[in-house]
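Okay, target_5.tsv now, which holds TSV, C-alpha atoms:
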chain	number	residue	atom	x	y	z
E	11	MET	CA	175.01	97.01	89.12
E	12	GLU	CA	173.72	100.52	88.72
E	13	GLN	CA	174.23	103.39	91.15
E	14	GLU	CA	170.75	103.11	92.69
E	15	GLN	CA	171.09	99.37	93.22
E	16	PHE	CA	174.54	99.95	94.77
E	17	LYS	CA	173.06	102.52	97.15
E	18	ASN	CA	170.25	100.16	98.13
E	19	GLU	CA	172.33	97.00	98.61
E	20	VAL	CA	175.82	98.09	99.68
E	21	VAL	CA	175.55	101.42	101.50
E	22	PRO	CA	173.14	100.07	104.19
E	23	LEU	CA	175.91	97.64	105.22
E	24	ARG	CA	178.04	100.54	106.47
E	25	ASN	CA	177.14	100.20	110.18
E	26	GLN	CA	177.71	96.44	110.18
E	27	LEU	CA	181.11	96.88	108.49
E	28	MET	CA	182.08	99.70	110.87
E	29	PHE	CA	181.25	97.50	113.86
E	30	TYR	CA	183.28	94.62	112.43
E	31	ALA	CA	186.27	96.84	111.57
E	32	GLN	CA	186.24	98.49	115.01
E	33	ARG	CA	186.32	95.08	116.69
E	34	LEU	CA	189.45	94.23	114.73
E	35	LEU	CA	191.22	97.60	114.85
E	36	ASP	CA	190.11	99.33	118.07
E	37	SER	CA	190.19	102.64	116.21
E	38	THR	CA	187.19	104.57	114.90
E	39	GLU	CA	189.29	106.56	112.45
E	40	ASP	CA	191.00	103.49	111.00
E	41	SER	CA	187.65	101.70	110.81
E	42	GLU	CA	186.10	104.57	108.87
E	43	ASP	CA	189.04	104.52	106.47
E	44	ILE	CA	188.67	100.78	105.98
E	45	VAL	CA	184.92	100.95	105.32
E	46	GLN	CA	185.45	103.76	102.86
E	47	GLU	CA	188.10	101.67	101.12
E	48	VAL	CA	185.69	98.70	101.01
E	49	PHE	CA	183.04	100.84	99.35
E	50	LEU	CA	185.58	102.12	96.86
E	51	LYS	CA	186.67	98.58	95.97
E	52	LEU	CA	183.06	97.50	95.61
E	53	TRP	CA	182.25	100.50	93.44
E	54	TYR	CA	185.10	99.66	91.06
E	55	MET	CA	183.94	96.07	90.84
E	56	ARG	CA	180.21	96.91	90.70
E	57	GLU	CA	179.82	95.27	87.27
E	58	GLU	CA	180.94	91.92	88.74
E	59	LEU	CA	178.88	92.05	91.95
E	60	ASP	CA	175.98	90.19	90.33
E	61	HIS	CA	178.22	87.10	90.11
E	62	TYR	CA	178.51	86.84	93.92
E	63	ASN	CA	175.97	84.88	95.97
E	64	SER	CA	176.13	87.22	98.97
E	65	ILE	CA	177.23	90.82	98.72
E	66	PRO	CA	177.20	91.25	102.54
E	67	ALA	CA	179.54	88.26	102.90
E	68	LEU	CA	181.84	89.74	100.25
E	69	CYS	CA	181.84	93.07	102.11
E	70	VAL	CA	182.75	91.41	105.40
E	71	GLN	CA	185.52	89.40	103.71
E	72	ILE	CA	187.03	92.51	102.08
E	73	THR	CA	186.76	94.39	105.39
E	74	LYS	CA	188.52	91.57	107.23
E	75	HIS	CA	191.39	91.45	104.74
E	76	LEU	CA	191.86	95.23	104.74
E	77	CYS	CA	191.85	95.28	108.56
E	78	LEU	CA	194.42	92.49	108.76
E	79	ASN	CA	196.62	94.33	106.28
E	80	ARG	CA	196.33	97.50	108.35
E	81	LEU	CA	197.27	95.59	111.52
E	82	LYS	CA	200.35	94.17	109.79
E	83	VAL	CA	201.44	97.65	108.75
E	84	LEU	CA	200.89	98.98	112.28
E	85	GLN	CA	202.83	96.09	113.79
E	86	ARG	CA	205.75	96.68	111.45
E	87	SER	CA	205.85	100.35	112.33
E	88	TYR	CA	206.22	99.49	116.03
E	89	GLU	CA	209.12	97.15	115.36
E	90	SER	CA	212.33	98.62	114.05
E	91	PRO	CA	213.76	97.01	110.90
E	92	ASP	CA	216.74	95.86	112.99
E	93	GLU	CA	214.45	93.98	115.37
E	94	GLN	CA	212.51	92.36	112.52
E	95	ARG	CA	215.67	91.00	110.88
E	96	LEU	CA	217.27	89.72	114.09
E	97	VAL	CA	214.38	87.52	115.26
E	98	SER	CA	214.61	83.99	113.87
E	99	PRO	CA	211.42	82.88	112.07
E	100	SER	CA	212.29	79.20	112.54
E	101	LEU	CA	211.69	79.32	116.31
E	102	SER	CA	208.42	78.57	118.07
E	103	PRO	CA	206.18	81.62	118.66
E	104	HIS	CA	207.06	81.59	122.37
E	105	LYS	CA	210.80	81.55	121.66
E	106	GLN	CA	210.35	84.24	118.98
E	107	LEU	CA	208.68	86.48	121.55
E	108	GLU	CA	211.49	85.91	124.05
E	109	GLN	CA	214.10	86.58	121.39
E	110	LYS	CA	212.25	89.70	120.26
E	111	ASP	CA	212.20	91.01	123.84
E	112	GLU	CA	215.92	90.37	124.20
E	113	VAL	CA	216.66	92.10	120.88
E	114	THR	CA	214.56	95.07	122.01
E	115	GLN	CA	216.51	95.27	125.28
E	116	VAL	CA	219.84	95.09	123.46
E	117	MET	CA	218.75	97.79	120.99
E	118	ARG	CA	217.80	100.06	123.90
E	119	ILE	CA	221.23	99.49	125.45
E	120	VAL	CA	222.90	100.23	122.11
E	121	ASP	CA	220.88	103.47	121.89
E	122	GLN	CA	222.54	104.59	125.15
E	123	LEU	CA	226.09	104.09	123.87
E	124	PRO	CA	228.19	107.01	122.65
E	125	ASN	CA	227.44	107.89	119.01
E	126	LEU	CA	230.62	106.45	117.52
E	127	GLN	CA	230.19	103.14	119.36
E	128	GLN	CA	226.54	102.96	118.30
E	129	THR	CA	227.44	103.58	114.68
E	130	VAL	CA	230.32	101.12	114.61
E	131	LEU	CA	228.34	98.39	116.37
E	132	ARG	CA	225.36	98.74	114.05
E	133	MET	CA	227.53	98.85	110.94
E	134	LYS	CA	229.32	95.67	111.99
E	135	HIS	CA	226.50	93.53	113.41
E	136	VAL	CA	223.34	94.84	111.76
E	137	ASP	CA	224.53	96.08	108.37
E	138	GLY	CA	227.26	93.44	108.02
E	139	PHE	CA	230.22	95.69	107.18
E	140	GLU	CA	233.78	94.50	107.77
E	141	VAL	CA	236.13	96.43	110.08
E	142	GLU	CA	238.14	97.79	107.15
E	143	GLU	CA	234.98	99.02	105.40
E	144	ILE	CA	233.79	100.74	108.57
E	145	ALA	CA	237.20	102.37	109.01
E	146	GLU	CA	237.09	103.66	105.45
E	147	LEU	CA	233.52	104.97	105.78
E	148	THR	CA	234.09	106.66	109.15
E	149	GLY	CA	237.59	107.93	108.42
E	150	SER	CA	239.07	106.04	111.39
E	151	SER	CA	241.79	103.45	111.55
E	152	PRO	CA	240.89	99.74	111.71
E	153	GLU	CA	242.50	99.59	115.17
E	154	ALA	CA	240.26	102.40	116.43
E	155	ILE	CA	237.20	100.61	115.00
E	156	ARG	CA	238.19	97.35	116.71
E	157	MET	CA	238.71	99.20	120.01
E	158	ASN	CA	235.29	100.93	119.76
E	159	LEU	CA	233.64	97.64	118.83
E	160	SER	CA	235.25	95.93	121.81
E	161	ARG	CA	234.18	98.68	124.21
E	162	ALA	CA	230.65	98.76	122.81
E	163	ARG	CA	230.24	94.98	123.02
E	164	LYS	CA	231.61	94.92	126.55
E	165	ARG	CA	229.23	97.68	127.67
E	166	VAL	CA	226.20	96.03	126.04
E	167	ARG	CA	227.11	92.68	127.61
E	168	GLU	CA	227.53	94.21	131.08
E	169	VAL	CA	224.26	96.14	131.01
E	170	PHE	CA	222.32	93.22	129.49
E	171	GLN	CA	223.61	90.80	132.15
E	172	LYS	CA	222.60	93.20	134.91
E	173	MET	CA	219.10	93.30	133.45
E	174	GLN	CA	218.84	89.50	133.45
Spell out the structure here as structure tokens.
Amino acid sequence: MEQEQFKNEVVPLRNQLMFYAQRLLDSTEDSEDIVQEVFLKLWYMREELDHYNSIPALCVQITKHLCLNRLKVLQRSYESPDEQRLVSPSLSPHKQLEQKDEVTQVMRIVDQLPNLQQTVLRMKHVDGFEVEEIAELTGSSPEAIRMNLSRARKRVREVFQKMQ
């Protein structure tokens, strides 16, 4: 496909693709980025476009996939890595949502703990370090780490139960 043919067949689809992308993304800026990316992909594959039955259908399909990828990236940025790892994928979607809400509540409670308790709790339960490793990394004694873990767990449990 030559440049003139590309301009005549692909560029007029811009408004339709923008409308479709905006319905999926609810953002004009993101939609413009997606449509621009679609045109770029199509330009790079312009030699193969003659093999497709419907160029508009191909454009819509590429737009849909790029929008879905963008939504996945946005969703991941709203969830902390800790929350993503702690929600069990084997549960039903309803149970996953409940578990995700509970994990979010617990993480907010942990964020309110004193710094040392936060660090020790995360190192133990999120990062999977043993008490002795945490003691070595923080320069504390294993007894002090156990005491801070106990206090942190107790505080999280108390606040979480009050919320329920």
(request) Measuring atom to atom with all atoms listed in the file, identify which of E:Val166, E:Leu35, E:Val21, E:Met28 is nearest to Leu52 (chain E). (result) E:Val21
(request) Just the residues within 12 Å of region 37-49 of chain E, please, counting only C-alpha atoms, with nothing from its chain fewer than 6 positions along; format it as a ChimeraX atom specification. (result) /E:16-17,19-31,55-56,65-66,68-81,84
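The coordinates place CA of Glu146 (chain E) at 24.5 Å from CA of Gln122 (chain E).
We find CA of Arg165 (chain E) and CA of Thr114 (chain E) to be spaced 15.9 Å apart.
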(message) So that I can see what lies close to Ile155 (chain E), please list as a PyMOL selection string the residues with an atom at most 7 Å from it, counting all atoms listed in the file and leaving out residues fewer than 4 positions away in the same chain.
(response) chain E and resi 130+141+145+150-151+159
(message) So the first atom is CA of Ala67 (chain E) and the second is CA of Lys82 (chain E); what is the distance between them in Å, to one decimal place?
(response) 22.7 Å
